[in-house]
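K.L.:
Here it is, the structure, as structure tokens.
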Amino acid sequence: MSQAPISRGNSKDLKPIDLKVGNCSGAKFYIKETPSGPILRKEFIGNTKKLKDQFNWLKNHSEFTFIPKVSNPIESVDSFSYEMTYYENAKNAHEGLGEIDENLFLEILSSIEQLKREKEVVSQEQIDFYLKHKLDKKLLQCFQNHKARDFAGTNLIQGQEYPSVAQLIQDLNSYSYILKEGKNSEIHGDLTLENILIDSKKPLFIDPNGENAVSTIEVELAKLFQSLNSSYEDLSLDKLKVSDIMALKDHELFIILKNYILKNYGDGGLLRTYFHELIHLARLLPYKQINLGHQYDDFLDLFIIRSHQFLTMVKEK
Ligand SMILES: Nc1ncnc2c1ncn2[C@@H]1O[C@H](COP(=O)(O)OP(=O)(O)O)[C@@H](O)[C@H]1O
Ligand SMILES: [Mg+2]
């Protein structure tokens with residue numbers, strides 16, 4: 001029997017709250033004051049599968065101190081919602097980046113390691129499927145929607161010529177075997193800085209995404225690359241342009257992360273992480289095109305520059 005849908009903000013104990021930073025999935029949030037502190041309800045109206053999977057993932061990993069406890073799921077035909085503690089004083093790691101020191105960052109990395117339960121080695125079929133759906137198709141979709149740029153033409157970005165997107169995709173596919181060295185594993189799946197809360201100097205992982213056809217540790221770490229190598233959140237928030245990002249020197253946490261990967265996963269691990277960062281950039285492009293149309297060119301330029309840099313690095317090896 002399906003349960004009644006939750007009241008959407010008009011009940012006297014559920015107040016809608018605008019979390020602004022980092023909320024891009026279209027989920028709605030409500031606060032409920034309780035004697036033991038405020039509770040946050042996250043609700044998604046529409047396709048309920050994603051949020052339901054998220055709830056189950058969080059529940060299944062509740063033994064870890066860095067996973068917030070979730071409760072009281074409510075499901076109806078067109079909505080799903082669940083509750084968790086509202087960490088009033090927490091900042092997400094993007095807002096609080098300046099306050100993350102090396103120890104705290106290493107604690108985040110060690111939490112990722114604790115989650116990890118390695119499974120089988122990634123197969124060529126999985127990689128082909130992943131590249132086709134998350135790289136090739138996503139870019140084709142963008143170019144079909146936005147005819148102003150030429151899929152097969154070279155790109156001029158800040159006075160430098162880059163290969164066409166068609167060429168980049170072809171070259172990236174020709175190196176797909178690089179990704180085969182990875183092992184599938186238990187991962188959070190969307191560990192951007194916005195999905196890490198810092199509460200009393202302790203990390204909490206929220207908003208997991210189990211929908212990864214390939215789920216290696218490098219897929220996980222590549223989300224941090226997106227933030228720390230490519231300032232992805234600042235680009236989304238219009239705080240930086242691609243030209244600013246290219247002029248930045250490496251963030252100190254990015255240097256720590258690269259050294260950590262080299263030490264634990266070797267040269268191959270680092271290369272795979274760079275590769276997965278490109279796939280993450282590509283798979284988000286259609287969302288950026290729809291939601292942040294004016295920035296689409298910047299996101300596409302970022303993908304082109306990073307892809308070209310990666311391919312140059314691979315060819316030099
Ligand atoms: N339990 C919580 N306590 C405090 N802030 C939260 C909590 N859950 C989410 N947030 C804030 O809201 C933002 C969006 O939440 P999230 O679950 O990641 O939604 P979305 O699926 O839209 O990305 C987070 O980046 C974080 O800043
Ligand atoms: Mg999020």
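Convention: chains lettered A, B, ... in structure tokens order; per-chain residue numbering from 1; ligands numbered from 1 as shown.
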Determine which residues of range 31-254 of chain A DSSP labels as helix (DSSP H, G or I) from the backbone of this structure, then write them out as a PyMOL selection string.

P.N.:
chain A and resi 49-60+97-99+102-115+124-145+165-174+176-181+193-195+217-228+232-236+242-247+252-254

K.L.:
All residues within 6 Å of ligand 1 are required, counting only C-alpha atoms and all ligand atoms; please report them as a VMD selection string.

P.N.:
chain A and resid 19 21 to 27 40 84 to 88 90 92 194 to 195 206 to 207

K.L.:
Could those selected residues go to a file with N, CA and C atoms, as a short mmCIF file (atom, residue, chain, number, x, y, z; two decimals), in the first residue's frame?

P.N.:
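Everything below was put into result.cif:
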data_model
loop_
_atom_site.label_atom_id
_atom_site.label_comp_id
_atom_site.auth_asym_id
_atom_site.auth_seq_id
_atom_site.Cartn_x
_atom_site.Cartn_y
_atom_site.Cartn_z
N LEU A 19 18.53 25.74 0.41
CA LEU A 19 19.92 25.50 0.78
C LEU A 19 20.89 26.13 -0.23
N VAL A 21 23.44 26.77 -2.06
CA VAL A 21 24.72 26.27 -2.54
C VAL A 21 24.68 24.76 -2.69
N GLY A 22 25.00 24.31 -3.87
CA GLY A 22 25.17 22.88 -4.07
C GLY A 22 23.90 22.13 -4.39
N ASN A 23 22.75 22.77 -4.32
CA ASN A 23 21.52 22.03 -4.61
C ASN A 23 21.21 22.17 -6.09
N CYS A 24 21.59 21.17 -6.87
CA CYS A 24 21.34 21.29 -8.30
C CYS A 24 20.51 20.14 -8.85
N SER A 25 20.06 19.24 -7.99
CA SER A 25 19.32 18.08 -8.49
C SER A 25 17.84 18.39 -8.64
N GLY A 26 17.40 19.55 -8.13
CA GLY A 26 15.98 19.86 -8.16
C GLY A 26 15.25 19.31 -6.95
N ALA A 27 15.99 18.74 -5.99
CA ALA A 27 15.34 18.24 -4.77
C ALA A 27 14.86 19.43 -3.95
N LEU A 40 16.21 17.61 8.71
CA LEU A 40 16.04 18.01 7.32
C LEU A 40 15.33 16.91 6.56
N MET A 84 17.08 13.39 7.62
CA MET A 84 18.39 13.24 8.27
C MET A 84 18.61 14.46 9.17
N THR A 85 19.57 14.35 10.05
CA THR A 85 19.90 15.49 10.91
C THR A 85 20.23 16.70 10.03
N TYR A 86 19.77 17.88 10.44
CA TYR A 86 20.21 19.09 9.75
C TYR A 86 21.43 19.63 10.50
N TYR A 87 22.58 19.61 9.85
CA TYR A 87 23.82 20.08 10.48
C TYR A 87 23.91 21.59 10.28
N GLU A 88 23.28 22.30 11.21
CA GLU A 88 23.12 23.76 11.08
C GLU A 88 24.44 24.49 10.91
N ALA A 90 27.30 23.20 9.90
CA ALA A 90 28.24 22.62 8.94
C ALA A 90 28.32 23.49 7.68
N ASN A 92 29.47 23.04 3.47
CA ASN A 92 29.98 22.02 2.57
C ASN A 92 31.44 22.36 2.25
N GLU A 194 30.92 19.73 -2.82
CA GLU A 194 29.60 20.15 -2.33
C GLU A 194 28.87 19.03 -1.61
N ASN A 195 29.27 17.80 -1.88
CA ASN A 195 28.61 16.67 -1.23
C ASN A 195 29.40 16.14 -0.02
N ILE A 206 27.35 13.21 1.95
CA ILE A 206 25.91 13.20 1.64
C ILE A 206 25.71 12.99 0.13
N ASP A 207 24.45 12.80 -0.27
CA ASP A 207 24.07 12.83 -1.69
C ASP A 207 24.81 11.83 -2.58
#

K.L.:
Just checking: using only C-alpha atoms, which residue out of A:Gln226, A:Ser200, A:Thr48, A:Gln309 ends up closest to Ser76 in chain A?

P.N.:
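Counting only C-alpha atoms, the residue closest to Ser76 in chain A is A:Thr48.
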
K.L.:
Identify, on the basis of only C-alpha atoms, every residue whose closest approach to Ala282 in chain A does not exceed 8 Å; exclude the query and any residue fewer than 6 positions from it along the same chain; express the result as number ranges by chain.

P.N.:
A: 134-135, 138-139, 303

K.L.:
How about saving the chosen residues, N, CA and C atoms kept, as a PDB file, in the first residue's frame?

P.N.:
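Result file out20.pdb:
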ATOM      1  N   LYS A 134      28.403   8.019 -21.505  1.00  0.00           N
ATOM      2  CA  LYS A 134      28.731   9.189 -20.685  1.00  0.00           C
ATOM      3  C   LYS A 134      29.670  10.178 -21.374  1.00  0.00           C
ATOM      4  N   LEU A 135      30.322   9.745 -22.452  1.00  0.00           N
ATOM      5  CA  LEU A 135      31.217  10.663 -23.165  1.00  0.00           C
ATOM      6  C   LEU A 135      30.626  10.962 -24.555  1.00  0.00           C
ATOM      7  N   LYS A 138      26.809  12.118 -24.700  1.00  0.00           N
ATOM      8  CA  LYS A 138      26.536  13.394 -24.015  1.00  0.00           C
ATOM      9  C   LYS A 138      27.016  14.562 -24.866  1.00  0.00           C
ATOM     10  N   LEU A 139      28.197  14.404 -25.478  1.00  0.00           N
ATOM     11  CA  LEU A 139      28.714  15.501 -26.301  1.00  0.00           C
ATOM     12  C   LEU A 139      27.900  15.658 -27.580  1.00  0.00           C
ATOM     13  N   PHE A 303      36.253  21.245 -20.941  1.00  0.00           N
ATOM     14  CA  PHE A 303      36.373  19.853 -21.382  1.00  0.00           C
ATOM     15  C   PHE A 303      37.440  19.738 -22.485  1.00  0.00           C
TER      16      PHE A 303
END

K.L.:
Any idea what's packed within 10 Å of Ile198 in chain A, counting only C-alpha atoms, ignoring anything in its chain fewer than 4 positions away? Could you give it as a PDB file with N, CA and C atoms, in the first residue's frame?

P.N.:
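File produced: selection09.pdb:
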ATOM      1  N   PHE A  66      31.152   8.723   9.169  1.00  0.00           N
ATOM      2  CA  PHE A  66      31.107   9.838   8.215  1.00  0.00           C
ATOM      3  C   PHE A  66      29.900   9.756   7.270  1.00  0.00           C
ATOM      4  N   TYR A  87      22.584  19.608   9.849  1.00  0.00           N
ATOM      5  CA  TYR A  87      23.821  20.076  10.476  1.00  0.00           C
ATOM      6  C   TYR A  87      23.915  21.587  10.275  1.00  0.00           C
ATOM      7  N   ASN A  89      25.441  24.016  11.627  1.00  0.00           N
ATOM      8  CA  ASN A  89      26.700  24.755  11.638  1.00  0.00           C
ATOM      9  C   ASN A  89      27.718  24.218  10.649  1.00  0.00           C
ATOM     10  N   ALA A  90      27.297  23.200   9.900  1.00  0.00           N
ATOM     11  CA  ALA A  90      28.245  22.621   8.937  1.00  0.00           C
ATOM     12  C   ALA A  90      28.316  23.492   7.682  1.00  0.00           C
ATOM     13  N   LYS A  91      29.452  23.396   7.011  1.00  0.00           N
ATOM     14  CA  LYS A  91      29.587  24.036   5.693  1.00  0.00           C
ATOM     15  C   LYS A  91      29.902  22.923   4.735  1.00  0.00           C
ATOM     16  N   ASN A  92      29.472  23.043   3.470  1.00  0.00           N
ATOM     17  CA  ASN A  92      29.983  22.016   2.575  1.00  0.00           C
ATOM     18  C   ASN A  92      31.440  22.359   2.249  1.00  0.00           C
ATOM     19  N   ALA A  93      32.182  21.344   1.845  1.00  0.00           N
ATOM     20  CA  ALA A  93      33.638  21.492   1.720  1.00  0.00           C
ATOM     21  C   ALA A  93      34.023  22.522   0.663  1.00  0.00           C
ATOM     22  N   HIS A  94      33.107  22.826  -0.247  1.00  0.00           N
ATOM     23  CA  HIS A  94      33.426  23.875  -1.208  1.00  0.00           C
ATOM     24  C   HIS A  94      33.386  25.253  -0.550  1.00  0.00           C
ATOM     25  N   GLU A  95      32.308  25.497   0.221  1.00  0.00           N
ATOM     26  CA  GLU A  95      32.218  26.787   0.949  1.00  0.00           C
ATOM     27  C   GLU A  95      33.353  26.927   1.952  1.00  0.00           C
ATOM     28  N   GLY A  96      33.706  25.787   2.581  1.00  0.00           N
ATOM     29  CA  GLY A  96      34.698  25.837   3.663  1.00  0.00           C
ATOM     30  C   GLY A  96      36.068  25.363   3.224  1.00  0.00           C
ATOM     31  N   LEU A  97      36.362  25.487   1.938  1.00  0.00           N
ATOM     32  CA  LEU A  97      37.608  24.922   1.405  1.00  0.00           C
ATOM     33  C   LEU A  97      38.846  25.453   2.134  1.00  0.00           C
ATOM     34  N   GLU A  99      39.223  26.168   5.049  1.00  0.00           N
ATOM     35  CA  GLU A  99      39.391  25.646   6.417  1.00  0.00           C
ATOM     36  C   GLU A  99      39.805  24.172   6.424  1.00  0.00           C
ATOM     37  N   ILE A 100      39.980  23.594   5.245  1.00  0.00           N
ATOM     38  CA  ILE A 100      40.368  22.173   5.202  1.00  0.00           C
ATOM     39  C   ILE A 100      41.887  22.078   5.191  1.00  0.00           C
ATOM     40  N   LEU A 104      42.628  17.050   7.826  1.00  0.00           N
ATOM     41  CA  LEU A 104      41.205  16.848   7.536  1.00  0.00           C
ATOM     42  C   LEU A 104      41.047  16.251   6.139  1.00  0.00           C
ATOM     43  N   ILE A 108      39.344  12.679   4.920  1.00  0.00           N
ATOM     44  CA  ILE A 108      38.362  12.473   3.841  1.00  0.00           C
ATOM     45  C   ILE A 108      38.828  11.308   2.952  1.00  0.00           C
ATOM     46  N   LEU A 193      33.084  18.358  -3.779  1.00  0.00           N
ATOM     47  CA  LEU A 193      33.250  19.091  -2.509  1.00  0.00           C
ATOM     48  C   LEU A 193      31.899  19.503  -1.932  1.00  0.00           C
ATOM     49  N   LYS A 202      34.841  17.465  11.153  1.00  0.00           N
ATOM     50  CA  LYS A 202      34.717  16.060  10.732  1.00  0.00           C
ATOM     51  C   LYS A 202      33.948  16.000   9.413  1.00  0.00           C
ATOM     52  N   PRO A 203      34.376  15.116   8.494  1.00  0.00           N
ATOM     53  CA  PRO A 203      33.648  15.030   7.221  1.00  0.00           C
ATOM     54  C   PRO A 203      32.394  14.157   7.301  1.00  0.00           C
ATOM     55  N   LEU A 204      31.387  14.540   6.518  1.00  0.00           N
ATOM     56  CA  LEU A 204      30.175  13.731   6.362  1.00  0.00           C
ATOM     57  C   LEU A 204      29.888  13.664   4.862  1.00  0.00           C
ATOM     58  N   PHE A 205      29.679  12.468   4.359  1.00  0.00           N
ATOM     59  CA  PHE A 205      29.397  12.321   2.921  1.00  0.00           C
ATOM     60  C   PHE A 205      27.885  12.261   2.716  1.00  0.00           C
TER      61      PHE A 205
END

K.L.:
Please, which residues of range 8-104 of chain A, numbered as in this document, come out strand (DSSP E) from DSSP, as a PyMOL selection string?

P.N.:
chain A and resi 15-17+28-34+37-45+70-75+79-85+91-92

K.L.:
Please compute the CA of Val121 in chain A-CA of Ile217 in chain A distance, one decimal, in Å.

P.N.:
11.7 Å

K.L.:
For a quick check of understanding, using only C-alpha atoms, which of A:Tyr274, A:Phe143, A:Phe254, A:Phe105 has the smallest distance to Ser231 in chain A?

P.N.:
A:Phe254

K.L.:
What lies within 8 Å of Gln54 in chain A using only C-alpha atoms, ignoring chain neighbours under 2 positions off, as a PyMOL selection string?

P.N.:
chain A and resi 50-52+56-58+207-210

K.L.:
Kindly export the residues of the current selection with C-alpha atoms, as a PDB file, in the first residue's frame.

P.N.:
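Output contents, as saved in selection17.pdb:
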ATOM      1  CA  LYS A  50      17.385   8.082  -7.692  1.00  0.00           C
ATOM      2  CA  LEU A  51      16.440   9.429  -4.273  1.00  0.00           C
ATOM      3  CA  LYS A  52      15.209   6.045  -3.129  1.00  0.00           C
ATOM      4  CA  ASN A  56      19.086   2.895   0.655  1.00  0.00           C
ATOM      5  CA  TRP A  57      22.769   3.514   0.046  1.00  0.00           C
ATOM      6  CA  LEU A  58      23.019   5.835   3.061  1.00  0.00           C
ATOM      7  CA  ASP A 207      24.066  12.834  -1.686  1.00  0.00           C
ATOM      8  CA  PRO A 208      25.558   9.579  -3.054  1.00  0.00           C
ATOM      9  CA  ASN A 209      24.922   8.398  -6.593  1.00  0.00           C
ATOM     10  CA  GLY A 210      25.025   4.684  -7.247  1.00  0.00           C
TER      11      GLY A 210
END

K.L.:
Measuring atom to atom with only C-alpha atoms, identify which of A:Phe80, A:Phe275, A:Tyr232, A:Phe64 is nearest to Ile169 in chain A.

P.N.:
A:Phe275

K.L.:
Can you work out which one of A:Leu224, A:Val242, A:Ile290, A:Leu285 has the shortest atom-to-atom distance to Ile112 in chain A, counting only C-alpha atoms?

P.N.:
A:Leu224

K.L.:
My list of candidates is A:Lys15, A:Lys137, A:Lys119, A:His188. Which is closest to ligand 2 when distances are computed with only C-alpha atoms and all ligand atoms?

P.N.:
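Comparing A:Lys15, A:Lys137, A:Lys119, A:His188 against ligand 2, the winner is A:His188.
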
K.L.:
Quick one: of A:Leu284, A:Ser81, A:Leu253, A:Met313, who's nearest to Glu102 in chain A, counting only C-alpha atoms?

P.N.:
A:Leu253

K.L.:
So that I can see what lies close to Lys241 in chain A, please list as a list in words the residues with an atom at most 10 Å from it, counting only C-alpha atoms and leaving out residues fewer than 2 positions away in the same chain.

P.N.:
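Selected residues are Ser231, Tyr232, Asp234, Leu235, Ser236, Leu237, Asp238, Lys239, Ser243, Asp244, Ile245, Met246, Gln295, Asp298, Phe299 and Leu302 of chain A.
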